[in-house]
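Student: The structure that follows is given in the form of structure tokens.
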Amino acid sequence: MNCLEERILKDGIVKEGNVLKVDSFLNHQMDINLFNEMGKEFAKRFEGKNINKILTIEASGIGIACVVAQHFNVPVVFAKKSKSINIDGDMYVAEVVSYTHKNTNQVIVSKKFLSEDDHVLIIDDFLANGCALQGLISIVQSAGGTVEGIGIAIEKGFQPGGQIIRNLGYQLESLAIVESMDASTGKVEFRAQ
């Protein structure tokens with residue numbers, strides 16, 4: 001069992017509706033030492049890949065992506081969920097349905113930060129149905145860049161996203177794959193990796 005799985009068992013809370021609450025260490029309060037271990041593991045799993053940029057989506061993926069980027073010595077670009085006056089010029093846009101928030105967002109990346117020269121590692125905190133990842137993949141494709149791999153902290157293996165992304169031919173590496181969880185008992189079971 002890896003350190004992320006151990007931390008999920010220790011501090012994760014299973015809620016009704018297939019929700020795994022990990023806000024005490026992953027996506028509200030962030031354990032940077034844990035993120036650093038995750039970064040080391042992603043660096044191992046994507047060793048030898050020609051990665052020059054990391055792409056994530058706001059907000060929960062940003063912290064993880066930034067720490068992971070230190071292990072690759074590359075910049076992080078994050079897709080924004082709303083247009084602000086600070087974003088000008090041409091943009092790549094994708095529609096993304098959020099499993100957690102039960103809504104649809106247009107996510108945007110300025111064209112000046114992604115190009116055909118980019119070899120991208122996509123990083124995110126959760127993978128459930130794969131909608132966010134498909135949006136990020138389409139943004140990289142629109143830029144003419146190459147998706148070198150996808151790193152996920154926690155994949156819900158009982159939902160279709162992981163299979164969908166793997167079937168598209170991408171190297172998808174999830175540090176913890178939840179096979180099942182039970183809100184009544186709080187029990188979480190992981191897929192052996």
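Order determines the names: the first chain of the structure tokens is A, the second B, and so forth; residues in each chain are numbered 1 upward, and ligands are numbered 1 upward as they are shown.
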Using DSSP on the backbone, list every residue of chain A that comes out as strand (DSSP E or B), and give them as a short mmCIF file (atom, residue, chain, number, x, y, z; two decimals) with N, CA and C atoms, in the first residue's frame.
Tutor:
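File produced: selection23.cif:
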data_model
loop_
_atom_site.label_atom_id
_atom_site.label_comp_id
_atom_site.auth_asym_id
_atom_site.auth_seq_id
_atom_site.Cartn_x
_atom_site.Cartn_y
_atom_site.Cartn_z
N ILE A 13 -12.98 10.42 4.29
CA ILE A 13 -14.33 10.18 4.78
C ILE A 13 -15.22 9.84 3.59
N VAL A 14 -15.88 8.68 3.69
CA VAL A 14 -16.79 8.25 2.63
C VAL A 14 -18.17 8.81 2.93
N LYS A 15 -18.74 9.49 1.92
CA LYS A 15 -20.07 10.08 2.07
C LYS A 15 -21.01 9.46 1.05
N VAL A 19 -19.02 9.80 -2.77
CA VAL A 19 -18.13 10.93 -2.52
C VAL A 19 -17.08 10.51 -1.51
N LEU A 20 -15.82 10.73 -1.86
CA LEU A 20 -14.70 10.49 -0.96
C LEU A 20 -14.14 11.85 -0.57
N LYS A 21 -14.33 12.20 0.68
CA LYS A 21 -13.90 13.52 1.18
C LYS A 21 -12.47 13.41 1.66
N LYS A 53 5.70 20.61 -20.09
CA LYS A 53 4.64 21.42 -19.49
C LYS A 53 3.67 20.50 -18.76
N ILE A 54 3.13 21.02 -17.67
CA ILE A 54 2.08 20.30 -16.95
C ILE A 54 0.80 21.11 -17.07
N LEU A 55 -0.30 20.41 -17.32
CA LEU A 55 -1.61 21.04 -17.46
C LEU A 55 -2.55 20.45 -16.43
N THR A 56 -3.31 21.32 -15.76
CA THR A 56 -4.33 20.88 -14.82
C THR A 56 -5.54 21.79 -14.97
N ILE A 57 -6.49 21.62 -14.08
CA ILE A 57 -7.71 22.42 -14.12
C ILE A 57 -7.93 23.01 -12.74
N VAL A 76 3.65 25.03 -14.99
CA VAL A 76 2.28 24.54 -14.89
C VAL A 76 1.35 25.54 -15.56
N VAL A 77 0.44 25.03 -16.36
CA VAL A 77 -0.65 25.83 -16.92
C VAL A 77 -1.93 25.24 -16.35
N PHE A 78 -2.85 26.10 -15.90
CA PHE A 78 -4.12 25.55 -15.46
C PHE A 78 -5.26 26.16 -16.24
N ALA A 79 -6.20 25.27 -16.59
CA ALA A 79 -7.40 25.70 -17.30
C ALA A 79 -8.30 26.41 -16.31
N LYS A 80 -8.76 27.59 -16.70
CA LYS A 80 -9.65 28.38 -15.84
C LYS A 80 -11.09 28.04 -16.16
N MET A 91 -8.11 31.99 -27.12
CA MET A 91 -8.15 30.95 -26.10
C MET A 91 -8.59 29.62 -26.68
N TYR A 92 -8.11 28.56 -26.04
CA TYR A 92 -8.66 27.23 -26.28
C TYR A 92 -9.78 27.04 -25.27
N VAL A 93 -10.89 26.46 -25.71
CA VAL A 93 -12.06 26.30 -24.85
C VAL A 93 -12.57 24.86 -24.95
N ALA A 94 -12.96 24.32 -23.80
CA ALA A 94 -13.59 22.99 -23.77
C ALA A 94 -14.71 23.00 -22.74
N GLU A 95 -15.75 22.24 -23.02
CA GLU A 95 -16.84 22.08 -22.06
C GLU A 95 -16.54 20.90 -21.16
N VAL A 96 -16.74 21.09 -19.86
CA VAL A 96 -16.43 20.05 -18.89
C VAL A 96 -17.59 19.92 -17.91
N VAL A 97 -18.07 18.69 -17.75
CA VAL A 97 -19.12 18.42 -16.75
C VAL A 97 -18.42 18.00 -15.47
N SER A 98 -18.76 18.66 -14.36
CA SER A 98 -18.16 18.33 -13.06
C SER A 98 -19.03 17.31 -12.33
N ASN A 103 -22.36 20.36 -12.42
CA ASN A 103 -22.61 21.45 -13.37
C ASN A 103 -21.65 21.33 -14.55
N THR A 104 -21.88 22.17 -15.54
CA THR A 104 -21.01 22.20 -16.72
C THR A 104 -20.29 23.54 -16.75
N ASN A 105 -19.00 23.49 -17.00
CA ASN A 105 -18.19 24.69 -17.11
C ASN A 105 -17.49 24.71 -18.47
N GLN A 106 -17.28 25.91 -18.96
CA GLN A 106 -16.36 26.06 -20.07
C GLN A 106 -15.01 26.33 -19.44
N VAL A 107 -14.02 25.53 -19.80
CA VAL A 107 -12.67 25.76 -19.28
C VAL A 107 -11.83 26.35 -20.40
N ILE A 108 -10.96 27.27 -20.01
CA ILE A 108 -10.20 28.01 -21.01
C ILE A 108 -8.72 28.07 -20.67
N VAL A 109 -7.91 28.05 -21.72
CA VAL A 109 -6.47 28.23 -21.61
C VAL A 109 -6.07 29.22 -22.70
N SER A 110 -5.32 30.20 -22.32
CA SER A 110 -4.82 31.17 -23.30
C SER A 110 -3.91 30.48 -24.31
N HIS A 119 4.81 19.17 -24.98
CA HIS A 119 4.64 17.77 -24.61
C HIS A 119 4.13 17.80 -23.17
N VAL A 120 2.86 17.48 -23.01
CA VAL A 120 2.12 17.81 -21.81
C VAL A 120 1.85 16.59 -20.94
N LEU A 121 2.06 16.77 -19.64
CA LEU A 121 1.61 15.81 -18.63
C LEU A 121 0.40 16.46 -17.95
N ILE A 122 -0.74 15.81 -18.04
CA ILE A 122 -1.96 16.30 -17.39
C ILE A 122 -2.00 15.72 -15.98
N ILE A 123 -2.26 16.58 -15.00
CA ILE A 123 -2.33 16.17 -13.60
C ILE A 123 -3.67 16.63 -13.03
N ASP A 124 -4.33 15.75 -12.24
CA ASP A 124 -5.54 16.17 -11.55
C ASP A 124 -5.69 15.36 -10.27
N ASP A 125 -6.57 15.85 -9.39
CA ASP A 125 -6.74 15.20 -8.10
C ASP A 125 -7.63 13.97 -8.17
N PHE A 126 -8.74 14.04 -8.90
CA PHE A 126 -9.70 12.94 -8.97
C PHE A 126 -10.03 12.58 -10.40
N LEU A 127 -10.34 11.32 -10.60
CA LEU A 127 -10.88 10.84 -11.87
C LEU A 127 -12.12 10.01 -11.55
N THR A 146 1.14 17.48 -27.67
CA THR A 146 1.11 16.04 -27.45
C THR A 146 0.85 15.76 -25.98
N VAL A 147 -0.14 14.92 -25.70
CA VAL A 147 -0.36 14.46 -24.33
C VAL A 147 0.58 13.29 -24.10
N GLU A 148 1.58 13.50 -23.25
CA GLU A 148 2.57 12.45 -22.97
C GLU A 148 2.10 11.49 -21.89
N GLY A 149 1.15 11.93 -21.09
CA GLY A 149 0.63 11.07 -20.04
C GLY A 149 -0.34 11.83 -19.16
N ILE A 150 -1.01 11.08 -18.29
CA ILE A 150 -1.99 11.65 -17.38
C ILE A 150 -1.75 11.06 -16.00
N GLY A 151 -1.57 11.94 -15.01
CA GLY A 151 -1.35 11.50 -13.64
C GLY A 151 -2.51 11.93 -12.76
N ILE A 152 -3.08 10.98 -12.06
CA ILE A 152 -4.24 11.23 -11.20
C ILE A 152 -3.89 10.81 -9.78
N ALA A 153 -4.29 11.61 -8.80
CA ALA A 153 -4.08 11.22 -7.41
C ALA A 153 -5.02 10.05 -7.08
N ILE A 154 -6.34 10.27 -7.19
CA ILE A 154 -7.31 9.25 -6.80
C ILE A 154 -8.28 8.99 -7.95
N GLU A 155 -8.30 7.74 -8.39
CA GLU A 155 -9.25 7.31 -9.42
C GLU A 155 -10.34 6.49 -8.76
N LYS A 156 -11.58 6.77 -9.11
CA LYS A 156 -12.70 5.94 -8.68
C LYS A 156 -12.86 4.84 -9.71
N LEU A 172 -2.26 6.40 -18.46
CA LEU A 172 -2.94 6.96 -17.31
C LEU A 172 -2.39 6.28 -16.07
N GLU A 173 -1.83 7.08 -15.18
CA GLU A 173 -1.26 6.56 -13.93
C GLU A 173 -2.01 7.18 -12.76
N SER A 174 -2.72 6.33 -12.02
CA SER A 174 -3.45 6.77 -10.84
C SER A 174 -2.73 6.23 -9.61
N LEU A 175 -2.44 7.09 -8.65
CA LEU A 175 -1.69 6.66 -7.48
C LEU A 175 -2.52 5.82 -6.52
N ALA A 176 -3.81 6.07 -6.47
CA ALA A 176 -4.73 5.25 -5.68
C ALA A 176 -5.97 5.02 -6.52
N ILE A 177 -6.34 3.76 -6.71
CA ILE A 177 -7.56 3.43 -7.44
C ILE A 177 -8.54 2.81 -6.44
N VAL A 178 -9.61 3.53 -6.17
CA VAL A 178 -10.63 3.06 -5.24
C VAL A 178 -11.52 2.08 -6.00
N GLU A 179 -11.53 0.83 -5.52
CA GLU A 179 -12.35 -0.21 -6.15
C GLU A 179 -13.77 -0.14 -5.65
N SER A 180 -13.91 0.15 -4.35
CA SER A 180 -15.24 0.29 -3.77
C SER A 180 -15.15 1.11 -2.49
N MET A 181 -16.27 1.71 -2.12
CA MET A 181 -16.35 2.41 -0.85
C MET A 181 -17.78 2.37 -0.36
N ASP A 182 -17.93 2.36 0.95
CA ASP A 182 -19.23 2.19 1.57
C ASP A 182 -19.45 3.29 2.60
N LYS A 187 -15.81 2.13 4.86
CA LYS A 187 -14.76 1.26 4.32
C LYS A 187 -14.41 1.64 2.88
N VAL A 188 -13.10 1.66 2.60
CA VAL A 188 -12.58 1.92 1.26
C VAL A 188 -11.69 0.74 0.87
N GLU A 189 -11.90 0.22 -0.33
CA GLU A 189 -11.05 -0.86 -0.85
C GLU A 189 -10.36 -0.35 -2.10
N PHE A 190 -9.07 -0.68 -2.22
CA PHE A 190 -8.26 -0.23 -3.35
C PHE A 190 -7.99 -1.38 -4.31
#
Student: Give me every alpha helix (DSSP H) residue in region 19-101 of chain A, going by DSSP on the backbone, as a ChimeraX atom specification.
Tutor: /A:32-45,60-72
Student: Keeping N, CA and C atoms, export the residues of the selection given above as a PDB file, in the first residue's frame.
Tutor:
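Full text of part-v2.pdb as output:
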ATOM      1  N   ILE A  32       1.754  19.128   1.855  1.00  0.00           N
ATOM      2  CA  ILE A  32       2.791  19.302   0.833  1.00  0.00           C
ATOM      3  C   ILE A  32       3.817  18.170   0.861  1.00  0.00           C
ATOM      4  N   ASN A  33       4.093  17.609   2.029  1.00  0.00           N
ATOM      5  CA  ASN A  33       5.007  16.457   2.079  1.00  0.00           C
ATOM      6  C   ASN A  33       4.415  15.270   1.323  1.00  0.00           C
ATOM      7  N   LEU A  34       3.108  15.054   1.478  1.00  0.00           N
ATOM      8  CA  LEU A  34       2.435  14.001   0.719  1.00  0.00           C
ATOM      9  C   LEU A  34       2.490  14.318  -0.776  1.00  0.00           C
ATOM     10  N   PHE A  35       2.233  15.570  -1.139  1.00  0.00           N
ATOM     11  CA  PHE A  35       2.302  15.978  -2.547  1.00  0.00           C
ATOM     12  C   PHE A  35       3.696  15.716  -3.122  1.00  0.00           C
ATOM     13  N   ASN A  36       4.723  15.968  -2.319  1.00  0.00           N
ATOM     14  CA  ASN A  36       6.094  15.746  -2.772  1.00  0.00           C
ATOM     15  C   ASN A  36       6.329  14.259  -3.056  1.00  0.00           C
ATOM     16  N   GLU A  37       5.816  13.392  -2.193  1.00  0.00           N
ATOM     17  CA  GLU A  37       5.941  11.944  -2.438  1.00  0.00           C
ATOM     18  C   GLU A  37       5.183  11.555  -3.707  1.00  0.00           C
ATOM     19  N   MET A  38       4.028  12.158  -3.912  1.00  0.00           N
ATOM     20  CA  MET A  38       3.261  11.903  -5.126  1.00  0.00           C
ATOM     21  C   MET A  38       4.045  12.374  -6.352  1.00  0.00           C
ATOM     22  N   GLY A  39       4.677  13.540  -6.240  1.00  0.00           N
ATOM     23  CA  GLY A  39       5.493  14.065  -7.336  1.00  0.00           C
ATOM     24  C   GLY A  39       6.627  13.130  -7.698  1.00  0.00           C
ATOM     25  N   LYS A  40       7.286  12.574  -6.675  1.00  0.00           N
ATOM     26  CA  LYS A  40       8.369  11.603  -6.917  1.00  0.00           C
ATOM     27  C   LYS A  40       7.847  10.386  -7.658  1.00  0.00           C
ATOM     28  N   GLU A  41       6.670   9.934  -7.256  1.00  0.00           N
ATOM     29  CA  GLU A  41       6.096   8.743  -7.889  1.00  0.00           C
ATOM     30  C   GLU A  41       5.707   9.028  -9.347  1.00  0.00           C
ATOM     31  N   PHE A  42       5.108  10.181  -9.604  1.00  0.00           N
ATOM     32  CA  PHE A  42       4.787  10.528 -10.995  1.00  0.00           C
ATOM     33  C   PHE A  42       6.069  10.660 -11.821  1.00  0.00           C
ATOM     34  N   ALA A  43       7.123  11.233 -11.241  1.00  0.00           N
ATOM     35  CA  ALA A  43       8.396  11.355 -11.963  1.00  0.00           C
ATOM     36  C   ALA A  43       8.928   9.974 -12.338  1.00  0.00           C
ATOM     37  N   LYS A  44       8.748   8.999 -11.462  1.00  0.00           N
ATOM     38  CA  LYS A  44       9.170   7.623 -11.740  1.00  0.00           C
ATOM     39  C   LYS A  44       8.324   6.999 -12.851  1.00  0.00           C
ATOM     40  N   ARG A  45       7.017   7.187 -12.740  1.00  0.00           N
ATOM     41  CA  ARG A  45       6.104   6.541 -13.690  1.00  0.00           C
ATOM     42  C   ARG A  45       6.177   7.140 -15.093  1.00  0.00           C
ATOM     43  N   SER A  60      -8.721  22.351  -7.613  1.00  0.00           N
ATOM     44  CA  SER A  60      -8.091  21.326  -6.781  1.00  0.00           C
ATOM     45  C   SER A  60      -6.826  20.712  -7.367  1.00  0.00           C
ATOM     46  N   GLY A  61      -6.673  20.749  -8.669  1.00  0.00           N
ATOM     47  CA  GLY A  61      -5.487  20.159  -9.274  1.00  0.00           C
ATOM     48  C   GLY A  61      -4.247  21.028  -9.197  1.00  0.00           C
ATOM     49  N   ILE A  62      -4.418  22.311  -8.916  1.00  0.00           N
ATOM     50  CA  ILE A  62      -3.293  23.246  -9.016  1.00  0.00           C
ATOM     51  C   ILE A  62      -2.181  22.934  -8.026  1.00  0.00           C
ATOM     52  N   GLY A  63      -2.532  22.720  -6.771  1.00  0.00           N
ATOM     53  CA  GLY A  63      -1.508  22.462  -5.756  1.00  0.00           C
ATOM     54  C   GLY A  63      -0.685  21.231  -6.089  1.00  0.00           C
ATOM     55  N   ILE A  64      -1.360  20.151  -6.448  1.00  0.00           N
ATOM     56  CA  ILE A  64      -0.660  18.914  -6.790  1.00  0.00           C
ATOM     57  C   ILE A  64       0.223  19.140  -8.013  1.00  0.00           C
ATOM     58  N   ALA A  65      -0.329  19.785  -9.037  1.00  0.00           N
ATOM     59  CA  ALA A  65       0.418  20.012 -10.276  1.00  0.00           C
ATOM     60  C   ALA A  65       1.685  20.828 -10.021  1.00  0.00           C
ATOM     61  N   CYS A  66       1.593  21.821  -9.156  1.00  0.00           N
ATOM     62  CA  CYS A  66       2.760  22.671  -8.879  1.00  0.00           C
ATOM     63  C   CYS A  66       3.886  21.885  -8.222  1.00  0.00           C
ATOM     64  N   VAL A  67       3.535  21.020  -7.278  1.00  0.00           N
ATOM     65  CA  VAL A  67       4.568  20.220  -6.617  1.00  0.00           C
ATOM     66  C   VAL A  67       5.131  19.188  -7.590  1.00  0.00           C
ATOM     67  N   VAL A  68       4.261  18.563  -8.391  1.00  0.00           N
ATOM     68  CA  VAL A  68       4.728  17.597  -9.385  1.00  0.00           C
ATOM     69  C   VAL A  68       5.671  18.277 -10.376  1.00  0.00           C
ATOM     70  N   ALA A  69       5.341  19.504 -10.774  1.00  0.00           N
ATOM     71  CA  ALA A  69       6.157  20.238 -11.753  1.00  0.00           C
ATOM     72  C   ALA A  69       7.592  20.433 -11.276  1.00  0.00           C
ATOM     73  N   GLN A  70       7.780  20.532  -9.969  1.00  0.00           N
ATOM     74  CA  GLN A  70       9.143  20.677  -9.447  1.00  0.00           C
ATOM     75  C   GLN A  70       9.990  19.453  -9.784  1.00  0.00           C
ATOM     76  N   HIS A  71       9.368  18.291  -9.852  1.00  0.00           N
ATOM     77  CA  HIS A  71      10.105  17.057 -10.150  1.00  0.00           C
ATOM     78  C   HIS A  71      10.435  16.932 -11.635  1.00  0.00           C
ATOM     79  N   PHE A  72       9.748  17.707 -12.468  1.00  0.00           N
ATOM     80  CA  PHE A  72      10.016  17.705 -13.910  1.00  0.00           C
ATOM     81  C   PHE A  72      10.720  18.990 -14.349  1.00  0.00           C
TER      82      PHE A  72
END
Student: Identify which of the residues A:Asn50, A:Tyr170, A:Cys3, A:Ala132 lies closest to Asp117 (chain A), counting only C-alpha atoms when measuring atom-to-atom distances.
Tutor: A:Asn50
Student: Pick the closest to Glu5 (chain A) from A:Ser82, A:Val22, A:Thr185, A:Phe158: which is it, counting only C-alpha atoms?
Tutor: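 Of all the options, A:Val22 lies closest to Glu5 (chain A).
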Student: To one decimal in Å, tell me the separation between CA of Asn129 (chain A) and CA of Val74 (chain A).
Tutor: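 One can read the CA of Asn129 (chain A) to CA of Val74 (chain A) distance as 28.0 Å.
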